[in-house]
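Here is final.cif, consisting of mmCIF, C-alpha atoms and all ligand atoms:
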data_my_file
loop_
_atom_site.label_atom_id
_atom_site.label_comp_id
_atom_site.auth_asym_id
_atom_site.auth_seq_id
_atom_site.Cartn_x
_atom_site.Cartn_y
_atom_site.Cartn_z
CA MET C 1 -2.50 21.23 -14.07
CA LYS C 2 -1.24 24.84 -13.89
CA VAL C 3 -0.65 26.57 -10.54
CA VAL C 4 -1.47 30.27 -10.10
CA HIS C 5 0.55 32.04 -7.42
CA SER C 6 1.43 35.64 -6.59
CA PRO C 7 4.43 36.75 -4.49
CA LEU C 8 2.18 39.59 -3.28
CA HIS C 9 0.72 37.14 -0.72
CA ALA C 10 3.73 37.99 1.46
CA ARG C 11 2.41 41.55 1.94
CA HIS C 12 -0.15 40.09 4.38
CA ASP C 13 2.18 39.62 7.35
CA GLY C 14 3.04 40.98 10.77
CA GLY C 15 -0.38 40.79 12.38
CA LYS C 16 -1.40 38.94 15.53
CA GLU C 17 -4.56 37.03 16.34
CA LEU C 18 -6.49 36.50 19.56
CA HIS C 19 -5.99 32.80 20.33
CA ARG C 20 -6.95 31.21 23.66
CA GLY C 21 -7.06 34.65 25.25
CA GLU C 22 -3.68 35.82 24.03
CA LEU C 23 -2.45 37.87 21.06
CA VAL C 24 -0.19 35.44 19.16
CA PRO C 25 1.53 35.58 15.75
CA CYS C 26 -0.95 34.50 13.07
CA PHE C 27 -1.10 30.78 12.25
CA GLU C 28 -1.95 31.87 8.68
CA MET C 29 1.65 32.87 7.94
CA PRO C 30 3.49 33.62 4.65
CA VAL C 31 5.78 30.58 4.89
CA ARG C 32 2.72 28.35 4.30
CA ALA C 33 2.64 29.50 0.67
CA ASP C 34 6.39 29.03 0.27
CA TYR C 35 6.20 25.39 1.39
CA ILE C 36 3.26 24.70 -0.92
CA LEU C 37 5.03 26.41 -3.84
CA LYS C 38 8.14 24.28 -3.30
CA ALA C 39 6.04 21.10 -3.21
CA VAL C 40 4.07 21.83 -6.40
CA GLU C 41 7.27 22.80 -8.23
CA ARG C 42 8.85 19.54 -7.02
CA ALA C 43 5.78 17.80 -8.48
CA GLY C 44 6.67 19.38 -11.82
CA LEU C 45 3.61 21.63 -12.04
CA GLU C 46 3.91 24.87 -14.07
CA VAL C 47 3.48 28.03 -11.97
CA LEU C 48 1.97 31.23 -13.42
CA GLU C 49 1.37 34.67 -11.96
CA PRO C 50 -2.29 35.82 -11.91
CA ARG C 51 -3.91 37.94 -14.57
CA SER C 52 -5.48 41.25 -13.52
CA PHE C 53 -9.25 41.53 -13.28
CA ALA C 54 -11.57 44.53 -13.12
CA HIS C 55 -12.72 45.70 -9.70
CA GLU C 56 -16.29 44.81 -10.77
CA SER C 57 -15.35 41.11 -10.78
CA LEU C 58 -15.15 41.30 -6.96
CA LEU C 59 -18.64 42.78 -6.85
CA ARG C 60 -20.06 39.67 -8.50
CA VAL C 61 -20.01 38.12 -5.01
CA HIS C 62 -19.15 40.91 -2.55
CA ASP C 63 -20.91 44.09 -1.36
CA ALA C 64 -19.34 47.26 -2.81
CA ALA C 65 -19.10 49.15 0.52
CA PHE C 66 -17.49 46.07 2.15
CA VAL C 67 -14.85 45.84 -0.59
CA GLU C 68 -14.22 49.58 -0.30
CA PHE C 69 -13.73 49.15 3.46
CA LEU C 70 -11.14 46.41 2.91
CA ARG C 71 -9.37 48.48 0.25
CA THR C 72 -9.10 51.67 2.34
CA ALA C 73 -9.20 50.59 5.99
CA HIS C 74 -5.50 50.50 6.78
CA ALA C 75 -4.74 53.82 5.07
CA GLU C 76 -7.55 55.40 7.09
CA TRP C 77 -6.15 53.77 10.25
CA ARG C 78 -2.73 55.30 9.54
CA SER C 79 -4.23 58.69 8.67
CA LEU C 80 -5.69 58.70 12.19
CA GLY C 81 -2.17 58.32 13.55
CA LYS C 82 -2.65 54.66 14.49
CA GLN C 83 0.12 52.11 14.07
CA GLY C 84 0.37 48.39 13.43
CA PHE C 85 -2.35 45.84 12.70
CA MET C 86 -6.10 46.36 13.01
CA LEU C 87 -8.31 44.12 15.15
CA PRO C 88 -11.94 44.86 16.04
CA SER C 89 -13.00 45.40 19.64
CA GLY C 90 -16.77 45.23 19.23
CA PHE C 91 -19.36 43.51 17.01
CA PRO C 92 -23.08 44.12 16.28
CA ALA C 93 -24.16 41.05 18.23
CA ARG C 94 -27.64 40.35 19.67
CA GLY C 95 -29.49 43.42 20.92
CA LEU C 96 -27.26 45.81 18.98
CA ARG C 97 -28.06 47.53 15.66
CA ARG C 98 -26.94 46.10 12.32
CA ASP C 99 -29.01 48.46 10.18
CA HIS C 100 -26.52 51.29 10.63
CA ILE C 101 -22.82 51.28 9.74
CA PRO C 102 -20.87 53.50 12.20
CA SER C 103 -18.84 56.30 10.61
CA GLY C 104 -15.73 55.64 12.74
CA ILE C 105 -13.09 53.12 11.67
CA ASN C 106 -13.45 50.95 14.81
CA GLY C 107 -17.21 50.68 14.40
CA ARG C 108 -16.90 49.87 10.70
CA MET C 109 -14.24 47.26 11.45
CA GLY C 110 -16.52 45.53 13.97
CA TYR C 111 -19.48 45.82 11.58
CA TYR C 112 -17.67 43.91 8.82
CA ALA C 113 -15.56 41.51 10.92
CA PHE C 114 -16.83 38.51 12.86
CA ASP C 115 -13.74 37.58 14.89
CA ALA C 116 -10.51 38.93 16.39
CA SER C 117 -8.35 36.39 14.50
CA THR C 118 -8.06 38.35 11.26
CA PRO C 119 -5.79 41.39 11.47
CA ILE C 120 -5.61 43.94 8.67
CA VAL C 121 -2.06 45.17 8.04
CA GLU C 122 -0.69 47.65 5.51
CA GLY C 123 -0.28 45.02 2.75
CA THR C 124 -3.43 43.00 3.45
CA TRP C 125 -5.47 44.50 0.64
CA ASP C 126 -2.73 43.90 -1.95
CA ALA C 127 -2.37 40.28 -0.81
CA ALA C 128 -6.12 39.59 -0.67
CA LEU C 129 -6.65 41.13 -4.12
CA ALA C 130 -3.79 39.03 -5.53
CA ALA C 131 -5.31 35.88 -3.99
CA ALA C 132 -8.66 36.74 -5.60
CA HIS C 133 -6.89 37.23 -8.94
CA CYS C 134 -5.18 33.84 -8.51
CA ALA C 135 -8.59 32.18 -8.08
CA LEU C 136 -10.10 34.12 -10.99
CA THR C 137 -7.12 33.19 -13.20
CA ALA C 138 -7.44 29.49 -12.32
CA ALA C 139 -11.15 29.64 -13.16
CA ALA C 140 -10.38 31.44 -16.43
CA LEU C 141 -7.83 28.74 -17.37
CA VAL C 142 -10.47 26.04 -16.84
CA ALA C 143 -13.06 28.10 -18.73
CA GLU C 144 -10.55 28.27 -21.60
CA GLY C 145 -10.11 24.50 -21.74
CA GLU C 146 -7.72 23.39 -19.01
CA LYS C 147 -9.06 20.23 -17.30
CA SER C 148 -7.98 21.60 -13.90
CA ALA C 149 -6.04 24.39 -12.25
CA TYR C 150 -4.84 25.19 -8.72
CA ALA C 151 -4.95 28.67 -7.19
CA LEU C 152 -2.34 28.90 -4.45
CA CYS C 153 -4.33 31.51 -2.55
CA ARG C 154 -3.07 33.32 0.51
CA PRO C 155 -4.89 34.80 2.44
CA PRO C 156 -7.64 32.15 2.20
CA GLY C 157 -11.27 33.04 1.51
CA HIS C 158 -14.04 30.61 2.50
CA HIS C 159 -15.03 32.44 5.72
CA ALA C 160 -15.52 35.73 3.82
CA GLY C 161 -19.20 36.36 3.11
CA HIS C 162 -21.02 38.82 0.89
CA ALA C 163 -20.14 41.63 3.32
CA LEU C 164 -18.16 39.86 6.05
CA TYR C 165 -14.53 39.04 6.84
CA GLY C 166 -12.92 36.82 9.46
CA GLY C 167 -11.29 33.43 9.91
CA TYR C 168 -8.13 34.71 8.21
CA CYS C 169 -10.28 35.50 5.11
CA PHE C 170 -11.10 38.80 3.35
CA LEU C 171 -12.27 38.07 -0.21
CA ASN C 172 -13.90 34.73 -1.00
CA ASN C 173 -11.52 33.27 -3.58
CA ALA C 174 -13.53 30.07 -4.12
CA ALA C 175 -16.82 31.96 -4.53
CA LEU C 176 -15.14 34.30 -7.02
CA ALA C 177 -13.90 31.28 -8.98
CA ALA C 178 -17.35 29.67 -8.99
CA GLN C 179 -19.01 32.89 -10.11
CA HIS C 180 -16.41 33.37 -12.84
CA LEU C 181 -17.18 29.89 -14.18
CA ARG C 182 -20.88 30.78 -14.15
CA ASP C 183 -20.13 34.06 -15.98
CA ARG C 184 -18.12 32.10 -18.57
CA GLY C 185 -21.14 29.89 -19.39
CA PHE C 186 -20.96 26.90 -17.01
CA ALA C 187 -24.66 26.50 -16.22
CA ARG C 188 -24.23 24.75 -12.88
CA VAL C 189 -21.17 24.81 -10.64
CA ALA C 190 -20.55 22.77 -7.47
CA VAL C 191 -18.33 24.00 -4.66
CA LEU C 192 -16.90 21.28 -2.40
CA ASP C 193 -15.26 22.58 0.78
CA VAL C 194 -12.94 20.05 2.43
CA ASP C 195 -11.29 22.44 4.88
CA TYR C 196 -11.51 21.46 8.56
CA HIS C 197 -13.64 24.57 9.20
CA HIS C 198 -17.06 25.25 7.69
CA GLY C 199 -17.01 27.67 4.77
CA ASN C 200 -19.63 29.99 6.24
CA GLY C 201 -18.76 32.74 3.74
CA THR C 202 -19.23 30.57 0.67
CA GLN C 203 -22.51 29.26 2.08
CA ASP C 204 -23.68 32.85 2.73
CA ILE C 205 -22.87 33.93 -0.83
CA PHE C 206 -24.73 31.10 -2.58
CA TRP C 207 -27.43 30.49 0.09
CA GLU C 208 -30.40 31.50 -2.08
CA ARG C 209 -29.08 30.20 -5.41
CA SER C 210 -29.79 26.93 -7.22
CA ASP C 211 -27.09 27.37 -9.89
CA VAL C 212 -24.27 26.81 -7.40
CA LEU C 213 -24.36 23.79 -5.06
CA PHE C 214 -22.39 24.28 -1.84
CA VAL C 215 -21.22 21.09 -0.09
CA SER C 216 -19.01 21.17 2.99
CA ILE C 217 -17.38 18.45 5.09
CA HIS C 218 -16.08 20.03 8.28
CA ALA C 219 -15.69 19.78 12.02
CA THR C 220 -18.99 20.28 13.83
CA PRO C 221 -19.62 23.93 14.69
CA GLU C 222 -21.06 22.68 18.02
CA THR C 223 -17.47 22.71 19.27
CA GLU C 224 -15.35 24.09 16.40
CA TYR C 225 -14.92 27.43 14.64
CA PRO C 226 -16.94 29.18 13.17
CA TYR C 227 -19.45 27.86 15.76
CA PHE C 228 -22.50 29.65 14.39
CA LEU C 229 -22.97 28.17 10.89
CA GLY C 230 -22.39 24.77 9.27
CA TYR C 231 -25.09 22.68 10.91
CA ALA C 232 -26.71 19.80 9.00
CA ASP C 233 -30.14 21.48 9.06
CA GLU C 234 -28.89 24.35 6.88
CA ARG C 235 -30.04 23.49 3.37
CA GLY C 236 -30.44 26.83 1.59
CA ALA C 237 -33.35 29.26 1.27
CA GLY C 238 -35.76 30.36 -1.44
CA ALA C 239 -34.55 29.20 -4.85
CA GLY C 240 -31.49 27.83 -3.04
CA GLU C 241 -33.44 25.41 -0.83
CA GLY C 242 -31.73 22.03 -1.18
CA TYR C 243 -28.56 23.48 -2.74
CA THR C 244 -26.53 23.63 0.47
CA LEU C 245 -25.32 20.38 2.08
CA ASN C 246 -23.42 20.46 5.36
CA LEU C 247 -21.73 17.29 6.63
CA PRO C 248 -20.43 18.16 10.12
CA LEU C 249 -18.17 15.58 11.78
CA PRO C 250 -16.98 15.31 15.41
CA ARG C 251 -13.50 16.21 16.67
CA GLY C 252 -11.24 13.19 16.30
CA THR C 253 -12.78 12.03 13.01
CA GLY C 254 -10.47 9.65 11.13
CA TRP C 255 -10.26 8.44 7.56
CA LYS C 256 -13.06 5.84 7.77
CA GLU C 257 -15.75 8.35 8.73
CA TYR C 258 -14.21 11.14 6.64
CA SER C 259 -14.14 8.92 3.57
CA ALA C 260 -17.83 8.06 4.07
CA ALA C 261 -18.72 11.77 4.25
CA LEU C 262 -16.61 12.38 1.13
CA GLY C 263 -18.59 9.65 -0.64
CA ALA C 264 -21.88 11.25 0.36
CA SER C 265 -20.69 14.64 -0.89
CA LEU C 266 -19.58 13.19 -4.23
CA ASP C 267 -23.00 11.51 -4.60
CA ALA C 268 -24.76 14.84 -3.97
CA ILE C 269 -22.52 16.56 -6.50
CA GLY C 270 -23.22 13.80 -9.04
CA THR C 271 -26.96 14.23 -8.56
CA PHE C 272 -26.62 18.00 -9.15
CA SER C 273 -24.72 17.18 -12.40
CA PRO C 274 -22.62 20.34 -12.46
CA GLU C 275 -20.55 21.40 -15.44
CA ALA C 276 -17.58 22.36 -13.25
CA LEU C 277 -16.27 21.88 -9.71
CA VAL C 278 -14.52 24.29 -7.35
CA VAL C 279 -12.70 22.69 -4.41
CA SER C 280 -11.98 24.76 -1.31
CA LEU C 281 -8.84 22.85 -0.47
CA GLY C 282 -7.94 23.13 3.19
CA VAL C 283 -5.51 20.53 4.54
CA ASP C 284 -6.05 21.43 8.21
CA THR C 285 -7.85 18.06 8.40
CA TYR C 286 -4.34 16.63 8.91
CA GLU C 287 -3.64 14.82 12.19
CA GLY C 288 -0.64 17.11 12.86
CA ASP C 289 -2.51 20.39 12.41
CA PRO C 290 -1.93 22.71 15.39
CA ILE C 291 -5.39 24.31 15.49
CA SER C 292 -7.57 21.43 14.24
CA ALA C 293 -8.65 17.98 15.47
CA PHE C 294 -9.28 15.53 12.65
CA LYS C 295 -6.98 12.55 12.16
CA LEU C 296 -6.26 12.30 8.44
CA ALA C 297 -2.76 11.04 7.64
CA GLN C 298 -0.45 12.01 4.79
CA GLU C 299 -1.44 8.98 2.70
CA HIS C 300 -5.09 10.02 2.68
CA TYR C 301 -4.60 13.20 0.64
CA PRO C 302 -3.83 11.44 -2.69
CA LEU C 303 -6.97 9.33 -2.04
CA ILE C 304 -9.04 12.52 -1.77
CA GLY C 305 -7.58 13.71 -5.07
CA GLN C 306 -8.36 10.37 -6.76
CA ARG C 307 -11.95 10.45 -5.53
CA LEU C 308 -12.41 14.02 -6.83
CA ALA C 309 -11.00 13.01 -10.22
CA GLY C 310 -13.72 10.35 -10.37
CA LEU C 311 -16.29 13.12 -10.93
CA LYS C 312 -14.60 13.76 -14.30
CA LEU C 313 -15.38 17.50 -14.06
CA PRO C 314 -13.34 20.56 -15.03
CA THR C 315 -11.96 21.40 -11.58
CA VAL C 316 -10.56 24.54 -9.92
CA PHE C 317 -8.69 23.93 -6.67
CA VAL C 318 -8.49 26.95 -4.34
CA GLN C 319 -6.14 26.85 -1.34
CA GLU C 320 -7.80 27.44 2.01
CA GLY C 321 -6.34 26.38 5.38
CA GLY C 322 -3.60 24.09 6.72
CA TYR C 323 -1.19 25.09 9.49
CA ALA C 324 1.14 22.13 9.95
CA VAL C 325 3.68 24.04 7.91
CA ASP C 326 6.27 21.27 7.45
CA GLU C 327 3.72 18.92 5.92
CA ILE C 328 1.38 21.39 4.23
CA GLY C 329 3.21 21.18 0.90
CA THR C 330 3.27 17.38 0.89
CA ASN C 331 -0.43 17.18 1.73
CA VAL C 332 -1.52 19.74 -0.89
CA ALA C 333 0.69 18.16 -3.58
CA GLY C 334 -0.73 14.79 -2.52
CA VAL C 335 -4.27 15.87 -3.39
CA LEU C 336 -3.21 17.38 -6.71
CA GLU C 337 -1.08 14.39 -7.75
CA GLY C 338 -3.86 12.01 -6.68
CA PHE C 339 -6.25 14.01 -8.84
CA LEU C 340 -3.83 13.81 -11.78
CA GLY C 341 -3.55 10.03 -11.38
CA ARG C 342 0.11 10.23 -10.43
CA ARG C 343 -0.27 8.89 -6.87
N1 LIG C 401 -9.16 28.68 19.07
C1 LIG C 401 -9.79 28.50 17.78
C2 LIG C 401 -9.91 29.82 17.09
C3 LIG C 401 -10.09 29.63 15.62
N2 LIG C 401 -9.46 30.72 14.94
C4 LIG C 401 -9.87 30.93 13.57
C5 LIG C 401 -9.70 29.71 12.70
C6 LIG C 401 -9.75 30.14 11.25
C7 LIG C 401 -9.60 28.97 10.30
C8 LIG C 401 -9.34 29.48 8.89
C9 LIG C 401 -9.45 28.38 7.80
O1 LIG C 401 -8.52 27.35 8.04
O2 LIG C 401 -10.76 27.82 7.78
C10 LIG C 401 -9.16 29.00 6.42
F1 LIG C 401 -9.30 28.06 5.47
F2 LIG C 401 -10.00 29.99 6.16
F3 LIG C 401 -7.91 29.47 6.38
ZN ZN C 402 -9.64 25.71 8.12
#
Representation of the structure as structure tokens:
Amino acid sequence: MKVVHSPLHARHDGGKELHRGELVPCFEMPVRADYILKAVERAGLEVLEPRSFAHESLLRVHDAAFVEFLRTAHAEWRSLGKQGFMLPSGFPARGLRRDHIPSGINGRMGYYAFDASTPIVEGTWDAALAAAHCALTAAALVAEGEKSAYALCRPPGHHAGHALYGGYCFLNNAALAAQHLRDRGFARVAVLDVDYHHGNGTQDIFWERSDVLFVSIHATPETEYPYFLGYADERGAGAGEGYTLNLPLPRGTGWKEYSAALGASLDAIGTFSPEALVVSLGVDTYEGDPISAFKLAQEHYPLIGQRLAGLKLPTVFVQEGGYAVDEIGTNVAGVLEGFLGRR
């Protein structure tokens, strides 16, 4: 299994997020990628830098004006004499208009963002684009015959929708990988999201499509972020009806219940009989995670990898969340080595 990683991830740094009413240094910090890189190198996996891809490849899943906003926002912010990181201060919530995009930078920021946890800094675009290219490269490797590949993406992507950013995400790396596999001839692709948080962005992107099945096991949005999507009654719309499966679980969920949900998701994927699998690999399901509340232990991650390997599908792993920095590398490498039959 090859690993795709870009040192450009480190350009996304220096922002703060609104957490429990305070501006705190971002939990989604550069050192996360360094710990994962060390662990996959220790596991003997080959690490490659990403290929470049045309701008149009982003537009296979994202709105052009949204991408242009992400690409130019910080330069515009600076040209207005503003310093530091960008956080929105208003959103087009209920009773406000969403049919008009304000001309000013603050209005546009609030139009495209859905939380105050996702600062844009000077290097954010470079890092997000590199993460997207990591995911696209991993998908290309699988399309070219690799059984599996792992995109060590930072910033993550599964909260980024067609024209939406938030939850530490800007471009939806997993959705880009799934679409690339479709564009390279895989007729049906399944996306399995095992991050603690619901992948609202990935669901949004494939909501009306029957060629990509979206399955997510996550903490119930009744009490956990992103709160407003990820309920079990969401099953897709139009042609996509029946091609979204949400398996929300309560805070405190341990391996027994998690494993049962994993089994149900693998059954649904089997029934869909995809030609490839994309895994949104968050390890914030770990009992030691500082912002999450599941109770998976270190020894469970190789079991997840083994169960995924049982699908016998060409598989692209895309890094999402995980904030227990000391153990993040061990837990990610655990899934990958379990998948490879080494654990
Ligand atoms: N007080 C709780 C506030 C929650 N703040 C935002 C949490 C974002 C989680 C991001 C993630 O882990 O889902 C990703 F995979 F995208 F990185
Ligand atoms: Zn998460």
Taking a cut-off of 8 Å and counting all atoms listed in the file, can you build a table that, for each residue of chain C near ligand ZN 402 (chain C), reports the nearest atom pair and how far apart they are in Å (one decimal), sorted by chain then residue number, as a Markdown table?
| residue | atom | partner | partner_atom | distance |
| --- | --- | --- | --- | --- |
| C:Asp195 | CA | C:ZN402 | ZN | 4.9 |
| C:Tyr196 | CA | C:ZN402 | ZN | 4.7 |
| C:His197 | CA | C:ZN402 | ZN | 4.3 |
| C:His198 | CA | C:ZN402 | ZN | 7.4 |
| C:Gly282 | CA | C:ZN402 | ZN | 5.8 |
| C:Val283 | CA | C:ZN402 | ZN | 7.5 |
| C:Asp284 | CA | C:ZN402 | ZN | 5.6 |
| C:Thr285 | CA | C:ZN402 | ZN | 7.9 |
| C:Ser292 | CA | C:ZN402 | ZN | 7.7 |
| C:Glu320 | CA | C:ZN402 | ZN | 6.6 |
| C:Gly321 | CA | C:ZN402 | ZN | 4.3 |
| C:Gly322 | CA | C:ZN402 | ZN | 6.4 |
Query raised in the report: Using only C-alpha atoms, which of the listed residues (C:Ser79, C:Thr244, C:Thr72, C:Thr118) sits closest to C:Asp211?
Result: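 Going through C:Ser79, C:Thr244, C:Thr72, C:Thr118 one by one, the smallest distance to C:Asp211 is for C:Thr244.
One distance worth recording is that between atom CA of C:Glu287 and atom F3 of ligand LIG 401 (chain C), which is 16.3 Å.
Closest to C:Ala93 among C:Asp115, C:His159, C:Ala65, C:Tyr225 is C:Asp115, based on only C-alpha atoms.
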**Report entry** Test item: residues no farther than 10 Å from ligand LIG 401 (chain C), counting all atoms listed in the file, as a ChimeraX atom specification
**Finding:** /C:17-21,26-28,115-118,153-160,166-170,172,193-201,218,223-227,280-285,291-292,318-323
Query raised in the report: Can you tell me, as an MDAnalysis selection string, what residues are no more than 12 Å from C:Gly185 when counting all atoms listed in the file, ignoring any on the same chain fewer than 6 positions away?
Result: chainID C and resid 139:140 142:144 178:179 211 274:276
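Minimum distance to C:Ile101 across C:Val189, C:Val278, C:Ala163, C:Leu152 (counting all atoms listed in the file) occurs at C:Ala163.
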Report task. List every protein, DNA or RNA residue that has an atom no more than 9 Å from (4.1, 22.9, -5.2) in the file's coordinate frame, counting all atoms listed in the file, and report them as a PyMOL selection string. Result -> chain C and resi 3+33-45+47+152+329-330+332-333
Report task. Figure out the distance between atom CA of C:Val121 and atom CA of C:His100, please, to one decimal in Å. Result ->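 These atoms are spaced 25.3 Å apart.
Here the question is which of C:Ala293, C:Val212, C:Leu192, C:Ala187 gets nearest to C:Gly263 using only C-alpha atoms, and that residue is C:Leu192.
Nearest residue to C:Ser148 among C:Leu247, C:Ala10, C:Met1, C:Ala324 is C:Met1, counting all atoms listed in the file.
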**Report entry** atom CA of C:Glu49 to atom CA of C:Val279, straight-line distance in Å
**Finding:**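 That distance, rounded to one decimal, is 20.0 Å.
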Your completed stretch 328-336 of chain C with all heavy atoms, as a PDB file, in the coordinates of the input:
ATOM      1  N   ILE C 328       2.470  20.820   5.043  1.00  0.00           N
ATOM      2  CA  ILE C 328       1.380  21.390   4.230  1.00  0.00           C
ATOM      3  C   ILE C 328       1.645  21.180   2.741  1.00  0.00           C
ATOM      4  O   ILE C 328       0.740  20.822   1.982  1.00  0.00           O
ATOM      5  CB  ILE C 328       1.166  22.891   4.556  1.00  0.00           C
ATOM      6  CG1 ILE C 328      -0.110  23.415   3.893  1.00  0.00           C
ATOM      7  CG2 ILE C 328       2.369  23.735   4.153  1.00  0.00           C
ATOM      8  CD1 ILE C 328      -0.541  24.791   4.347  1.00  0.00           C
ATOM      9  N   GLY C 329       2.893  21.335   2.327  1.00  0.00           N
ATOM     10  CA  GLY C 329       3.210  21.180   0.900  1.00  0.00           C
ATOM     11  C   GLY C 329       2.985  19.754   0.437  1.00  0.00           C
ATOM     12  O   GLY C 329       2.353  19.511  -0.595  1.00  0.00           O
ATOM     13  N   THR C 330       3.440  18.805   1.240  1.00  0.00           N
ATOM     14  CA  THR C 330       3.270  17.380   0.890  1.00  0.00           C
ATOM     15  C   THR C 330       1.793  17.017   0.790  1.00  0.00           C
ATOM     16  O   THR C 330       1.364  16.323  -0.129  1.00  0.00           O
ATOM     17  CB  THR C 330       3.948  16.505   1.967  1.00  0.00           C
ATOM     18  OG1 THR C 330       5.291  16.943   2.118  1.00  0.00           O
ATOM     19  CG2 THR C 330       3.891  15.043   1.611  1.00  0.00           C
ATOM     20  N   ASN C 331       1.001  17.534   1.715  1.00  0.00           N
ATOM     21  CA  ASN C 331      -0.430  17.180   1.730  1.00  0.00           C
ATOM     22  C   ASN C 331      -1.182  17.837   0.569  1.00  0.00           C
ATOM     23  O   ASN C 331      -2.016  17.199  -0.080  1.00  0.00           O
ATOM     24  CB  ASN C 331      -1.052  17.563   3.073  1.00  0.00           C
ATOM     25  CG  ASN C 331      -0.517  16.686   4.202  1.00  0.00           C
ATOM     26  OD1 ASN C 331       0.015  15.599   3.949  1.00  0.00           O
ATOM     27  ND2 ASN C 331      -0.621  17.162   5.431  1.00  0.00           N
ATOM     28  N   VAL C 332      -0.863  19.085   0.261  1.00  0.00           N
ATOM     29  CA  VAL C 332      -1.520  19.740  -0.890  1.00  0.00           C
ATOM     30  C   VAL C 332      -1.097  19.044  -2.185  1.00  0.00           C
ATOM     31  O   VAL C 332      -1.931  18.659  -3.010  1.00  0.00           O
ATOM     32  CB  VAL C 332      -1.173  21.236  -0.943  1.00  0.00           C
ATOM     33  CG1 VAL C 332      -1.616  21.853  -2.274  1.00  0.00           C
ATOM     34  CG2 VAL C 332      -1.821  21.978   0.227  1.00  0.00           C
ATOM     35  N   ALA C 333       0.204  18.826  -2.355  1.00  0.00           N
ATOM     36  CA  ALA C 333       0.690  18.160  -3.580  1.00  0.00           C
ATOM     37  C   ALA C 333       0.112  16.763  -3.665  1.00  0.00           C
ATOM     38  O   ALA C 333      -0.180  16.264  -4.769  1.00  0.00           O
ATOM     39  CB  ALA C 333       2.211  18.122  -3.584  1.00  0.00           C
ATOM     40  N   GLY C 334      -0.128  16.138  -2.526  1.00  0.00           N
ATOM     41  CA  GLY C 334      -0.730  14.790  -2.520  1.00  0.00           C
ATOM     42  C   GLY C 334      -2.099  14.804  -3.156  1.00  0.00           C
ATOM     43  O   GLY C 334      -2.418  13.957  -4.006  1.00  0.00           O
ATOM     44  N   VAL C 335      -2.929  15.783  -2.788  1.00  0.00           N
ATOM     45  CA  VAL C 335      -4.270  15.870  -3.390  1.00  0.00           C
ATOM     46  C   VAL C 335      -4.163  16.086  -4.891  1.00  0.00           C
ATOM     47  O   VAL C 335      -4.814  15.406  -5.706  1.00  0.00           O
ATOM     48  CB  VAL C 335      -5.090  17.022  -2.758  1.00  0.00           C
ATOM     49  CG1 VAL C 335      -6.420  17.214  -3.501  1.00  0.00           C
ATOM     50  CG2 VAL C 335      -5.337  16.777  -1.271  1.00  0.00           C
ATOM     51  N   LEU C 336      -3.320  17.025  -5.289  1.00  0.00           N
ATOM     52  CA  LEU C 336      -3.210  17.380  -6.710  1.00  0.00           C
ATOM     53  C   LEU C 336      -2.664  16.204  -7.527  1.00  0.00           C
ATOM     54  O   LEU C 336      -3.185  15.883  -8.601  1.00  0.00           O
ATOM     55  CB  LEU C 336      -2.342  18.617  -6.878  1.00  0.00           C
ATOM     56  CG  LEU C 336      -2.808  19.882  -6.104  1.00  0.00           C
ATOM     57  CD1 LEU C 336      -1.883  21.061  -6.400  1.00  0.00           C
ATOM     58  CD2 LEU C 336      -4.261  20.232  -6.414  1.00  0.00           C
TER      59      LEU C 336
END
